[in-house]
Amino acid sequence: MNVIYIMWLRQLKKYFRSKSRIIGSLGQPLLFLLAFGFGFGAIFKKAGAGNYIQFLAPGIIIMSVLFTGIFSGIDLIWDRQFGFLKETMVAPVSRLQIMLGKTLGGATVAALQGVIVFVLTLIVGFRPHDLILLPVGAVVVFLVALLFTSLGIALASTMEDMQGFQLIMNFLVMPIFFLSGALFPLEGLPKVMDVIAALDPLSYGVDGLRFAFIGAQSVFGFGTDMLVLVVLTAVLLGLGSRLFERIQA
Amino acid sequence: MDVIQANDNIITVSSLAKKFDDFTAVDGISFEVKKGEIFAFLGPNGAGKSTTIKMLTTLLHPTSGQIILNGFNPSRDKDGVRKSLGIVFQDPSLDDDLTAFENMQFHAICYKVPSNIRSSRIEELLKFVELWDRKGDLVKTFSGGMKRRLEIARGLLHHPRVLFLDEPTLGLDPQTRNHMWSYVKDINKKEGMTVFFTTHYMEEADRVAERIAVIDHGKIIAMGTGDELKKQTNSETLEDAFLSLTGHKIREEEATGLDRMRRMGQMWRGKRR
């Protein structure tokens with residue numbers, strides 16, 4: 001057993017032990033599915049765009065992965081606050097291993113959350129278009145999880161306490177979600193919105209998952225989706241480990 | 001002569017300094033700790049104790065000066081230093097959402113305790129601090145004293161050459177405090193493990209420490225055995241000696257962002273301690 005594994009295992013144990021957190025985090029996706037999915041369903045259909053639940057479900061799955069990923073990364077601040085980070089920082093192990101273990105653990109948790117929300121969407125009436133493409137969807141979900149957990153850790157490495165958290169939620173995470181096309185099609189939008197959506201990394205995750213789950217025509221092209229996600233994850237992992245190494249407890 | 005001395009000392013600190021922006025926390029201190037010694041590092045709040053410990057344990061980079069710990073220099077060979085030391089921090093550093101056993105296991109893996117002896121050593125230490133029957137309980141259900149004992153057991157798990165204890169008895173009742181020191185002294189004797197500790201209880205320092213250094217405003221202002229310090233200041237007790245060395249003025253420590261958040265977290269999670 002090595003350090004990366006034990007860090008990963010720790011994240012998972014903590015996740016499964018906080019039942020209230022798991023249940024609590026299902027409230028939001030469920031609310032979105034009901035309010036938007038059924039609320040706008042009729043109009044969506046009238047506009048000739050088909051079944052809105054089918055369209056929305058991949059977006060909501062990705063949303064929950066985004067939120068859980070960022071939270072799992074920012075969790076680092078709690079480790080710091082409750083002193084556990086110091087215990088790992090005085091251990092004779094490389095900072096990179098600590099950071100990788102934490103990232104992989106957080107990403108696994110975020111991806112699991114995605115799976116749970118996927119089950120939720122099935123209950124609400126979502127039907128994946130082709131079962132063979134489910135593993136492709138799983139890959140997309142895990143990449144998105146990895147990307148945003150790395151982002152969370154990179155952010156947490158620069159933060160002393162939770163003071164900046166509201167700022168990050170309102171000016172980073174919420175815009176990333178709302179402007180990604182998770183809730184609406186990225187076609188026929190004003191030019192500005194097109195540009196913003198193209199700059200939003202989550203757009204590629206949503207687009208990729210829609211391609212895998214509902215056989216939608218990919219907006220950016222599935223290859224592009226994967227490339228953007230992989231490259232950005234690599235960049236953020238690199239940045240995260242740089243910032244993490246600079247932490248002095 | 002020099003060589004013999006170098007071999008005798010497990011910690012050698014020379015002209016060590018740490019500056020934060022315009023504030024000098026540690027101002028060029030030098031001292032040695034002998035192998036197997038129990039060494040107390042005393043000082044009022046904000047005197048530079050914790051900053052020194054952080055530098056000795058690789059958590060902070062010194063601004064200048066040199067440290068040699070068990071033959072390793074923390075600026076060059078951090079892992080060498082890290083392997084040599086065990087530490088019990090001033091603030092709790094356990095994972096509350098893991099069990100006592102899991103906290104120990106995590107530590108054992110980080111310090112590469114061989115897997116064939118891992119479980120037996122964890123068992124031995126948990127029995128030693130009388131927590132074996134609580135091994136499967138989450139740490140958040142433990143009292144302050146139990147957490148401390150677990151942290152001490154954890155600090156000893158990889159058989160460190162030097163054990164750092166930063167105010168280890170803070171908030172513990174006399175029973176637990178005595179218990180703790182008897183463990184630590186026992187291991188100090190049996191294994192020749194060096195102990196470096198800080199405390200605000202002067203009577204404790206006088207009783208336990210073989211040698212004492214007093215730090216104030218980032219400088220070491222006195223060093224010697226308890227009796228030497230008392231003689232030097234013409235005092236009856238170490239507390240009086242300490243006060244005559246450092247004055248009666250009460251020191252203020254500014255709350256850091258971390259303290260603020262700790263409070264916030266306490267409200268959030270309803271934590272004790």
# chains A, B, ... in the order shown; residues from 1 in each chain; ligands from 1
>>> residues_around(residues="Gly86 of chain B", least_positions_apart="2", cutoff="7 Å", atoms="only C-alpha atoms", output="JSON, numbers by chain")
{"B": [155, 156, 160, 162, 163, 164]}
>>> closest_atom_pairs(of="chain A", to="chain B", cutoff="6 Å", atoms="only C-alpha atoms", output="tab-separated table")
residue	atom	partner	partner_atom	distance
A:Val3	CA	B:Cys110	CA	5.8
A:Gly83	CA	B:Ser93	CA	4.1
A:Phe84	CA	B:Ser93	CA	4.4
A:Val90	CA	B:Arg82	CA	6.0
A:Ala91	CA	B:Arg82	CA	5.9
A:Pro92	CA	B:Asp79	CA	4.6
A:Asp161	CA	B:Met261	CA	5.9
A:Gln248	CA	B:Leu59	CA	5.8
A:Ala249	CA	B:Leu59	CA	6.0
>>> closest_atom_pairs(of="segment 17-55 of chain B", to="segment 201-221 of chain B", cutoff="7 Å", atoms="only C-alpha atoms", output="JSON lines")
{"residue": "B:Ala25", "atom": "CA", "partner": "B:Gly218", "partner_atom": "CA", "distance": 5.3}
{"residue": "B:Val26", "atom": "CA", "partner": "B:Gly218", "partner_atom": "CA", "distance": 3.9}
{"residue": "B:Asp27", "atom": "CA", "partner": "B:Gly218", "partner_atom": "CA", "distance": 4.8}
{"residue": "B:Gly28", "atom": "CA", "partner": "B:Lys219", "partner_atom": "CA", "distance": 6.8}
{"residue": "B:Ile29", "atom": "CA", "partner": "B:Lys219", "partner_atom": "CA", "distance": 5.8}
{"residue": "B:Glu37", "atom": "CA", "partner": "B:Glu210", "partner_atom": "CA", "distance": 6.6}
{"residue": "B:Ile38", "atom": "CA", "partner": "B:Ala209", "partner_atom": "CA", "distance": 5.1}
{"residue": "B:Phe39", "atom": "CA", "partner": "B:Arg211", "partner_atom": "CA", "distance": 5.1}
{"residue": "B:Ala40", "atom": "CA", "partner": "B:Ile212", "partner_atom": "CA", "distance": 4.6}
{"residue": "B:Phe41", "atom": "CA", "partner": "B:Ala213", "partner_atom": "CA", "distance": 5.0}
{"residue": "B:Leu42", "atom": "CA", "partner": "B:Val214", "partner_atom": "CA", "distance": 4.8}
{"residue": "B:Gly43", "atom": "CA", "partner": "B:Ile215", "partner_atom": "CA", "distance": 4.9}
{"residue": "B:Pro44", "atom": "CA", "partner": "B:Asp216", "partner_atom": "CA", "distance": 6.7}
{"residue": "B:Ala47", "atom": "CA", "partner": "B:Asp216", "partner_atom": "CA", "distance": 4.6}
{"residue": "B:Gly48", "atom": "CA", "partner": "B:Gly218", "partner_atom": "CA", "distance": 5.1}
>>> select_by_dssp(residues="segment 25-129 of chain B", states="strand (DSSP E)", output="list in words")
Ala25, Val26, Asp27, Gly28, Ile29, Ser30, Phe31, Glu32, Val33, Lys34, Ile38, Phe39, Ala40, Phe41, Leu42, Ser64, Gly65, Gln66, Ile67, Ile68, Leu69, Leu85, Gly86, Ile87 and Val88 of chain B
>>> write_last_selection(atoms="N, CA and C atoms", output="short mmCIF file (atom, residue, chain, number, x, y, z; two decimals), in the first residue's frame")
data_model
loop_
_atom_site.label_atom_id
_atom_site.label_comp_id
_atom_site.auth_asym_id
_atom_site.auth_seq_id
_atom_site.Cartn_x
_atom_site.Cartn_y
_atom_site.Cartn_z
N ALA B 25 10.42 36.62 13.82
CA ALA B 25 9.87 35.69 14.81
C ALA B 25 10.99 34.98 15.57
N VAL B 26 12.01 34.59 14.84
CA VAL B 26 13.16 33.93 15.46
C VAL B 26 14.40 34.68 15.00
N ASP B 27 15.22 35.09 15.98
CA ASP B 27 16.26 36.07 15.68
C ASP B 27 17.66 35.53 15.98
N GLY B 28 18.11 34.63 15.11
CA GLY B 28 19.48 34.14 15.23
C GLY B 28 19.77 33.32 16.47
N ILE B 29 19.03 32.22 16.66
CA ILE B 29 19.26 31.41 17.86
C ILE B 29 20.21 30.25 17.55
N SER B 30 20.97 29.85 18.55
CA SER B 30 21.87 28.70 18.44
C SER B 30 21.73 27.85 19.69
N PHE B 31 21.62 26.54 19.51
CA PHE B 31 21.63 25.64 20.67
C PHE B 31 21.86 24.21 20.19
N GLU B 32 22.19 23.35 21.14
CA GLU B 32 22.35 21.93 20.82
C GLU B 32 21.49 21.10 21.75
N VAL B 33 21.02 19.98 21.23
CA VAL B 33 20.32 19.02 22.07
C VAL B 33 21.08 17.71 21.96
N LYS B 34 21.39 17.13 23.13
CA LYS B 34 22.18 15.89 23.13
C LYS B 34 21.28 14.70 22.84
N ILE B 38 16.11 14.93 27.41
CA ILE B 38 14.76 15.53 27.42
C ILE B 38 14.96 17.03 27.58
N PHE B 39 14.59 17.75 26.53
CA PHE B 39 14.94 19.16 26.41
C PHE B 39 13.66 19.98 26.37
N ALA B 40 13.56 20.98 27.26
CA ALA B 40 12.36 21.83 27.25
C ALA B 40 12.69 23.17 26.61
N PHE B 41 11.74 23.65 25.83
CA PHE B 41 11.91 24.90 25.11
C PHE B 41 10.78 25.81 25.59
N LEU B 42 11.13 26.76 26.43
CA LEU B 42 10.10 27.57 27.08
C LEU B 42 10.11 29.00 26.57
N SER B 64 17.47 32.34 7.52
CA SER B 64 18.91 32.13 7.49
C SER B 64 19.29 31.22 8.65
N GLY B 65 20.56 30.80 8.65
CA GLY B 65 21.03 29.91 9.71
C GLY B 65 20.95 28.46 9.29
N GLN B 66 21.40 27.58 10.19
CA GLN B 66 21.48 26.17 9.83
C GLN B 66 20.95 25.25 10.91
N ILE B 67 20.33 24.17 10.47
CA ILE B 67 19.85 23.13 11.39
C ILE B 67 20.46 21.81 10.95
N ILE B 68 20.97 21.04 11.90
CA ILE B 68 21.33 19.65 11.61
C ILE B 68 20.58 18.79 12.60
N LEU B 69 19.75 17.89 12.07
CA LEU B 69 18.96 17.03 12.95
C LEU B 69 19.24 15.58 12.57
N LEU B 85 12.00 12.11 12.85
CA LEU B 85 11.25 12.73 13.93
C LEU B 85 9.79 12.30 14.00
N GLY B 86 9.30 12.34 15.23
CA GLY B 86 7.88 12.17 15.46
C GLY B 86 7.41 13.46 16.10
N ILE B 87 6.15 13.81 15.88
CA ILE B 87 5.71 15.09 16.42
C ILE B 87 4.27 15.04 16.92
N VAL B 88 4.06 15.68 18.05
CA VAL B 88 2.70 15.90 18.53
C VAL B 88 2.50 17.41 18.51
#
>>> closest_residue(among="B:Ile10, B:Met55, B:Leu138, B:Val195", to="Leu165 of chain B", atoms="only C-alpha atoms")
B:Val195
>>> closest_residue(among="A:Val219, A:Leu120, A:Leu26, A:Leu147", to="Leu239 of chain A", atoms="only C-alpha atoms")
A:Leu147
>>> residues_around(residues="Met193 of chain B", least_positions_apart="6", cutoff="7 Å", atoms="only C-alpha atoms", output="NGL selection string")
:B and (36 or 161-162 or 187)
>>> select_by_dssp(residues="segment 8-184 of chain A", states="helix (DSSP H, G or I)", output="JSON, numbers by chain")
{"A": [8, 9, 10, 11, 12, 13, 14, 15, 16, 17, 19, 20, 21, 22, 23, 24, 25, 26, 27, 28, 29, 30, 31, 32, 33, 34, 35, 36, 37, 38, 39, 41, 42, 43, 44, 45, 46, 52, 53, 54, 55, 56, 57, 58, 59, 60, 61, 62, 63, 64, 65, 66, 67, 68, 69, 70, 71, 72, 73, 74, 76, 77, 78, 79, 80, 81, 84, 85, 86, 87, 88, 89, 95, 96, 97, 98, 99, 100, 101, 102, 103, 104, 105, 106, 107, 108, 109, 110, 111, 112, 113, 114, 115, 116, 117, 118, 119, 120, 121, 122, 123, 124, 131, 132, 133, 134, 135, 136, 137, 138, 139, 140, 141, 142, 143, 144, 145, 146, 147, 148, 149, 150, 151, 152, 153, 154, 155, 156, 157, 162, 163, 164, 165, 166, 167, 168, 169, 170, 171, 172, 173, 174, 175, 176, 177, 178]}
>>> residues_around(residues="Gln28 of chain A", least_positions_apart="5", cutoff="10 Å", atoms="only C-alpha atoms", output="ChimeraX atom specification")
/A:33-34,60,63-64
>>> residues_around(residues="Val139 of chain B", least_positions_apart="3", cutoff="6 Å", atoms="only C-alpha atoms", output="ChimeraX atom specification")
/B:96,99-100,142
>>> write_last_selection(atoms="N, CA and C atoms", output="compact mmCIF listing (two decimals), in the first residue's frame")
# COMPACT_ATOMS: atom_id res chain seq x y z
N ASP B 96 -10.70 13.28 12.26
CA ASP B 96 -11.83 12.93 13.12
C ASP B 96 -12.79 11.92 12.49
N THR B 99 -11.17 6.12 12.15
CA THR B 99 -11.06 5.48 13.47
C THR B 99 -9.63 5.64 13.99
N ALA B 100 -9.46 5.31 15.27
CA ALA B 100 -8.13 5.37 15.87
C ALA B 100 -7.17 4.49 15.08
N PHE B 142 -13.87 10.81 20.60
CA PHE B 142 -12.88 10.77 21.68
C PHE B 142 -12.85 12.08 22.46
>>> closest_residue(among="A:Tyr15, A:Trp78, A:Phe55, A:Phe71", to="Phe36 of chain A", atoms="only C-alpha atoms")
A:Phe55
>>> atom_distance(atom1="atom CA of Gly59 of chain A", atom2="atom CA of Val206 of chain A")
5.5 Å
>>> residues_around(residues="Met146 of chain B", least_positions_apart="3", cutoff="12 Å", atoms="only C-alpha atoms", output="CSV table (one decimal) with N, CA and C atoms, in the first residue's frame")
chain,number,residue,atom,x,y,z
B,92,PRO,N,-4.7,19.8,17.5
B,92,PRO,CA,-5.0,18.4,17.1
B,92,PRO,C,-4.7,18.2,15.6
B,94,LEU,N,-5.4,15.0,14.1
B,94,LEU,CA,-6.0,13.7,13.7
B,94,LEU,C,-7.1,13.9,12.7
B,100,ALA,N,-9.5,5.3,15.3
B,100,ALA,CA,-8.1,5.4,15.9
B,100,ALA,C,-7.2,4.5,15.1
B,126,LEU,N,-1.3,1.1,20.7
B,126,LEU,CA,-2.6,1.5,21.2
B,126,LEU,C,-2.9,0.9,22.6
B,129,VAL,N,-1.1,3.2,25.1
B,129,VAL,CA,-1.8,4.4,25.5
B,129,VAL,C,-3.3,4.1,25.9
B,130,GLU,N,-3.5,2.8,26.1
B,130,GLU,CA,-4.8,2.3,26.6
B,130,GLU,C,-6.0,2.7,25.8
B,131,LEU,N,-5.8,2.6,24.5
B,131,LEU,CA,-6.9,2.9,23.5
B,131,LEU,C,-7.2,1.7,22.6
B,132,TRP,N,-6.7,0.5,23.0
B,132,TRP,CA,-6.8,-0.6,22.1
B,132,TRP,C,-8.3,-1.0,22.0
B,134,ARG,N,-10.7,0.9,22.0
B,134,ARG,CA,-11.5,1.9,21.2
B,134,ARG,C,-11.0,2.0,19.8
B,135,LYS,N,-10.2,1.0,19.4
B,135,LYS,CA,-9.5,1.2,18.1
B,135,LYS,C,-10.4,1.4,16.9
B,137,ASP,N,-13.3,2.9,16.9
B,137,ASP,CA,-14.2,4.1,17.1
B,137,ASP,C,-13.7,5.3,16.3
B,138,LEU,N,-14.6,6.1,15.8
B,138,LEU,CA,-14.2,7.3,15.1
B,138,LEU,C,-13.6,8.2,16.1
B,139,VAL,N,-12.5,8.9,15.7
B,139,VAL,CA,-11.8,9.8,16.6
B,139,VAL,C,-12.7,11.0,17.1
B,140,LYS,N,-13.7,11.3,16.3
B,140,LYS,CA,-14.6,12.4,16.8
B,140,LYS,C,-15.4,12.1,18.0
B,141,THR,N,-15.4,10.8,18.4
B,141,THR,CA,-16.1,10.4,19.6
B,141,THR,C,-15.1,10.5,20.8
B,142,PHE,N,-13.9,10.8,20.6
B,142,PHE,CA,-12.9,10.8,21.7
B,142,PHE,C,-12.8,12.1,22.5
B,143,SER,N,-12.4,12.0,23.7
B,143,SER,CA,-12.2,13.2,24.5
B,143,SER,C,-10.9,13.8,24.2
B,149,ARG,N,-3.5,11.2,23.6
B,149,ARG,CA,-2.8,9.9,23.8
B,149,ARG,C,-2.6,9.2,22.4
B,150,LEU,N,-3.7,9.3,21.6
B,150,LEU,CA,-3.6,8.7,20.3
B,150,LEU,C,-2.5,9.4,19.5
B,151,GLU,N,-2.4,10.7,19.6
B,151,GLU,CA,-1.4,11.4,18.8
B,151,GLU,C,0.0,11.1,19.3
B,152,ILE,N,0.1,10.8,20.6
B,152,ILE,CA,1.4,10.4,21.1
B,152,ILE,C,1.8,9.0,20.5
B,153,ALA,N,0.8,8.1,20.6
B,153,ALA,CA,1.0,6.8,20.0
B,153,ALA,C,1.4,6.8,18.6
B,169,THR,N,0.6,18.8,26.9
B,169,THR,CA,-0.3,18.6,28.0
B,169,THR,C,-1.4,19.7,28.2
B,171,GLY,N,-4.5,21.5,28.4
B,171,GLY,CA,-5.9,21.1,28.6
B,171,GLY,C,-6.1,19.7,29.1
B,172,LEU,N,-5.0,19.1,29.6
B,172,LEU,CA,-5.2,17.7,30.1
B,172,LEU,C,-5.2,17.8,31.6
B,173,ASP,N,-6.0,16.9,32.2
B,173,ASP,CA,-6.0,16.8,33.7
B,173,ASP,C,-4.7,16.2,34.2
B,176,THR,N,-4.0,12.4,33.3
B,176,THR,CA,-3.6,12.1,32.0
B,176,THR,C,-2.2,12.7,31.7
B,177,ARG,N,-1.9,13.8,32.3
B,177,ARG,CA,-0.6,14.4,32.1
B,177,ARG,C,0.5,13.5,32.7
B,179,HIS,N,0.3,10.3,33.3
B,179,HIS,CA,0.3,9.1,32.5
B,179,HIS,C,1.2,9.3,31.2
B,180,MET,N,0.9,10.5,30.6
B,180,MET,CA,1.6,10.7,29.3
B,180,MET,C,3.1,10.8,29.5
B,273,ARG,N,-13.2,21.0,21.5
B,273,ARG,CA,-11.7,21.2,21.5
B,273,ARG,C,-11.2,22.0,20.4
>>> residues_around(residues="Ala138 of chain A", least_positions_apart="6", cutoff="12 Å", atoms="only C-alpha atoms", output="PyMOL selection string")
chain A and resi 58+61-62+65+108+110-115+118+131-132+144-145+205+208-210+212-213
>>> write_last_selection(atoms="N, CA and C atoms", output="mmCIF file, in the first residue's frame")
data_model
loop_
_atom_site.group_PDB
_atom_site.id
_atom_site.type_symbol
_atom_site.label_atom_id
_atom_site.label_comp_id
_atom_site.auth_asym_id
_atom_site.auth_seq_id
_atom_site.Cartn_x
_atom_site.Cartn_y
_atom_site.Cartn_z
ATOM 1 N N PRO A 58 -28.002 14.720 -18.938
ATOM 2 C CA PRO A 58 -26.534 14.747 -18.947
ATOM 3 C C PRO A 58 -25.978 16.036 -18.340
ATOM 4 N N ILE A 61 -26.177 15.681 -14.560
ATOM 5 C CA ILE A 61 -25.148 14.743 -14.074
ATOM 6 C C ILE A 61 -23.801 15.477 -13.994
ATOM 7 N N ILE A 62 -23.471 16.178 -15.070
ATOM 8 C CA ILE A 62 -22.193 16.906 -15.104
ATOM 9 C C ILE A 62 -22.171 17.998 -14.034
ATOM 10 N N VAL A 65 -21.232 16.534 -10.794
ATOM 11 C CA VAL A 65 -19.803 16.192 -10.788
ATOM 12 C C VAL A 65 -18.965 17.447 -10.576
ATOM 13 N N THR A 108 -12.750 10.475 -7.633
ATOM 14 C CA THR A 108 -13.549 9.252 -7.549
ATOM 15 C C THR A 108 -14.881 9.532 -6.854
ATOM 16 N N ALA A 110 -16.410 12.417 -6.724
ATOM 17 C CA ALA A 110 -17.232 13.227 -7.627
ATOM 18 C C ALA A 110 -17.870 12.352 -8.711
ATOM 19 N N ALA A 111 -17.088 11.408 -9.240
ATOM 20 C CA ALA A 111 -17.616 10.534 -10.280
ATOM 21 C C ALA A 111 -18.727 9.633 -9.716
ATOM 22 N N LEU A 112 -18.519 9.151 -8.478
ATOM 23 C CA LEU A 112 -19.554 8.334 -7.839
ATOM 24 C C LEU A 112 -20.841 9.132 -7.672
ATOM 25 N N GLN A 113 -20.669 10.384 -7.302
ATOM 26 C CA GLN A 113 -21.828 11.260 -7.164
ATOM 27 C C GLN A 113 -22.549 11.360 -8.513
ATOM 28 N N GLY A 114 -21.761 11.445 -9.583
ATOM 29 C CA GLY A 114 -22.336 11.472 -10.928
ATOM 30 C C GLY A 114 -23.151 10.215 -11.205
ATOM 31 N N VAL A 115 -22.636 9.079 -10.766
ATOM 32 C CA VAL A 115 -23.338 7.816 -10.977
ATOM 33 C C VAL A 115 -24.682 7.808 -10.227
ATOM 34 N N PHE A 118 -27.043 9.903 -11.974
ATOM 35 C CA PHE A 118 -27.467 9.197 -13.178
ATOM 36 C C PHE A 118 -28.652 8.281 -12.852
ATOM 37 N N LEU A 131 -26.758 1.758 -24.855
ATOM 38 C CA LEU A 131 -26.055 1.231 -23.679
ATOM 39 C C LEU A 131 -24.570 0.996 -23.931
ATOM 40 N N ILE A 132 -24.218 0.725 -25.198
ATOM 41 C CA ILE A 132 -22.807 0.469 -25.514
ATOM 42 C C ILE A 132 -21.948 1.701 -25.244
ATOM 43 N N VAL A 144 -14.158 14.952 -16.201
ATOM 44 C CA VAL A 144 -14.711 16.187 -15.634
ATOM 45 C C VAL A 144 -14.452 16.223 -14.127
ATOM 46 N N ALA A 145 -14.617 15.070 -13.473
ATOM 47 C CA ALA A 145 -14.381 14.982 -12.036
ATOM 48 C C ALA A 145 -12.932 15.329 -11.709
ATOM 49 N N GLY A 205 -17.480 19.070 -21.350
ATOM 50 C CA GLY A 205 -17.938 17.904 -20.598
ATOM 51 C C GLY A 205 -19.397 17.602 -20.884
ATOM 52 N N GLY A 208 -19.736 16.347 -24.424
ATOM 53 C CA GLY A 208 -19.246 14.970 -24.542
ATOM 54 C C GLY A 208 -20.230 13.964 -23.970
ATOM 55 N N LEU A 209 -20.799 14.296 -22.817
ATOM 56 C CA LEU A 209 -21.714 13.355 -22.176
ATOM 57 C C LEU A 209 -23.019 13.253 -22.961
ATOM 58 N N ARG A 210 -23.442 14.376 -23.544
ATOM 59 C CA ARG A 210 -24.664 14.337 -24.357
ATOM 60 C C ARG A 210 -24.457 13.457 -25.578
ATOM 61 N N ALA A 212 -22.454 10.922 -25.745
ATOM 62 C CA ALA A 212 -22.417 9.518 -25.326
ATOM 63 C C ALA A 212 -23.781 9.013 -24.884
ATOM 64 N N PHE A 213 -24.547 9.864 -24.214
ATOM 65 C CA PHE A 213 -25.780 9.383 -23.578
ATOM 66 C C PHE A 213 -27.028 9.493 -24.448
#
>>> closest_residue(among="B:Phe196, B:Phe242, B:Ser182, B:Phe128", to="Arg154 of chain B", atoms="only C-alpha atoms")
B:Phe128
>>> decode(residues="segment 118-137 of chain B", atoms="N, CA and C atoms", output="PDB file, in the first residue's frame")
ATOM      1  N   ARG B 118       3.415  -3.919  10.779  1.00  0.00           N
ATOM      2  CA  ARG B 118       2.552  -2.760  10.944  1.00  0.00           C
ATOM      3  C   ARG B 118       1.472  -2.986  11.997  1.00  0.00           C
ATOM      4  N   SER B 119       0.689  -4.043  11.803  1.00  0.00           N
ATOM      5  CA  SER B 119      -0.454  -4.262  12.691  1.00  0.00           C
ATOM      6  C   SER B 119      -0.010  -4.535  14.126  1.00  0.00           C
ATOM      7  N   SER B 120       1.056  -5.327  14.264  1.00  0.00           N
ATOM      8  CA  SER B 120       1.480  -5.665  15.628  1.00  0.00           C
ATOM      9  C   SER B 120       1.989  -4.423  16.346  1.00  0.00           C
ATOM     10  N   ARG B 121       2.666  -3.544  15.608  1.00  0.00           N
ATOM     11  CA  ARG B 121       3.178  -2.343  16.272  1.00  0.00           C
ATOM     12  C   ARG B 121       2.042  -1.382  16.635  1.00  0.00           C
ATOM     13  N   ILE B 122       1.055  -1.281  15.752  1.00  0.00           N
ATOM     14  CA  ILE B 122      -0.101  -0.429  16.068  1.00  0.00           C
ATOM     15  C   ILE B 122      -0.799  -0.963  17.316  1.00  0.00           C
ATOM     16  N   GLU B 123      -0.933  -2.282  17.359  1.00  0.00           N
ATOM     17  CA  GLU B 123      -1.589  -2.890  18.522  1.00  0.00           C
ATOM     18  C   GLU B 123      -0.805  -2.587  19.799  1.00  0.00           C
ATOM     19  N   GLU B 124       0.483  -2.788  19.715  1.00  0.00           N
ATOM     20  CA  GLU B 124       1.353  -2.563  20.875  1.00  0.00           C
ATOM     21  C   GLU B 124       1.208  -1.130  21.394  1.00  0.00           C
ATOM     22  N   LEU B 125       1.232  -0.169  20.464  1.00  0.00           N
ATOM     23  CA  LEU B 125       1.165   1.234  20.889  1.00  0.00           C
ATOM     24  C   LEU B 125      -0.219   1.631  21.386  1.00  0.00           C
ATOM     25  N   LEU B 126      -1.259   1.123  20.722  1.00  0.00           N
ATOM     26  CA  LEU B 126      -2.610   1.465  21.177  1.00  0.00           C
ATOM     27  C   LEU B 126      -2.869   0.876  22.560  1.00  0.00           C
ATOM     28  N   LYS B 127      -2.301  -0.291  22.823  1.00  0.00           N
ATOM     29  CA  LYS B 127      -2.425  -0.862  24.165  1.00  0.00           C
ATOM     30  C   LYS B 127      -1.647  -0.015  25.160  1.00  0.00           C
ATOM     31  N   PHE B 128      -0.503   0.425  24.719  1.00  0.00           N
ATOM     32  CA  PHE B 128       0.376   1.258  25.534  1.00  0.00           C
ATOM     33  C   PHE B 128      -0.336   2.528  26.016  1.00  0.00           C
ATOM     34  N   VAL B 129      -1.103   3.156  25.141  1.00  0.00           N
ATOM     35  CA  VAL B 129      -1.823   4.373  25.541  1.00  0.00           C
ATOM     36  C   VAL B 129      -3.270   4.058  25.945  1.00  0.00           C
ATOM     37  N   GLU B 130      -3.533   2.776  26.141  1.00  0.00           N
ATOM     38  CA  GLU B 130      -4.827   2.306  26.632  1.00  0.00           C
ATOM     39  C   GLU B 130      -6.002   2.734  25.754  1.00  0.00           C
ATOM     40  N   LEU B 131      -5.811   2.566  24.451  1.00  0.00           N
ATOM     41  CA  LEU B 131      -6.893   2.892  23.516  1.00  0.00           C
ATOM     42  C   LEU B 131      -7.247   1.698  22.633  1.00  0.00           C
ATOM     43  N   TRP B 132      -6.660   0.540  22.966  1.00  0.00           N
ATOM     44  CA  TRP B 132      -6.840  -0.613  22.078  1.00  0.00           C
ATOM     45  C   TRP B 132      -8.310  -1.013  21.965  1.00  0.00           C
ATOM     46  N   ASP B 133      -9.033  -0.926  23.086  1.00  0.00           N
ATOM     47  CA  ASP B 133     -10.446  -1.334  23.032  1.00  0.00           C
ATOM     48  C   ASP B 133     -11.312  -0.285  22.322  1.00  0.00           C
ATOM     49  N   ARG B 134     -10.729   0.863  21.991  1.00  0.00           N
ATOM     50  CA  ARG B 134     -11.487   1.873  21.237  1.00  0.00           C
ATOM     51  C   ARG B 134     -10.974   2.000  19.808  1.00  0.00           C
ATOM     52  N   LYS B 135     -10.172   1.041  19.370  1.00  0.00           N
ATOM     53  CA  LYS B 135      -9.482   1.177  18.081  1.00  0.00           C
ATOM     54  C   LYS B 135     -10.408   1.377  16.890  1.00  0.00           C
ATOM     55  N   GLY B 136     -11.612   0.789  16.987  1.00  0.00           N
ATOM     56  CA  GLY B 136     -12.531   0.878  15.859  1.00  0.00           C
ATOM     57  C   GLY B 136     -13.483   2.066  15.929  1.00  0.00           C
ATOM     58  N   ASP B 137     -13.297   2.922  16.937  1.00  0.00           N
ATOM     59  CA  ASP B 137     -14.209   4.065  17.069  1.00  0.00           C
ATOM     60  C   ASP B 137     -13.676   5.280  16.326  1.00  0.00           C
TER      61      ASP B 137
END
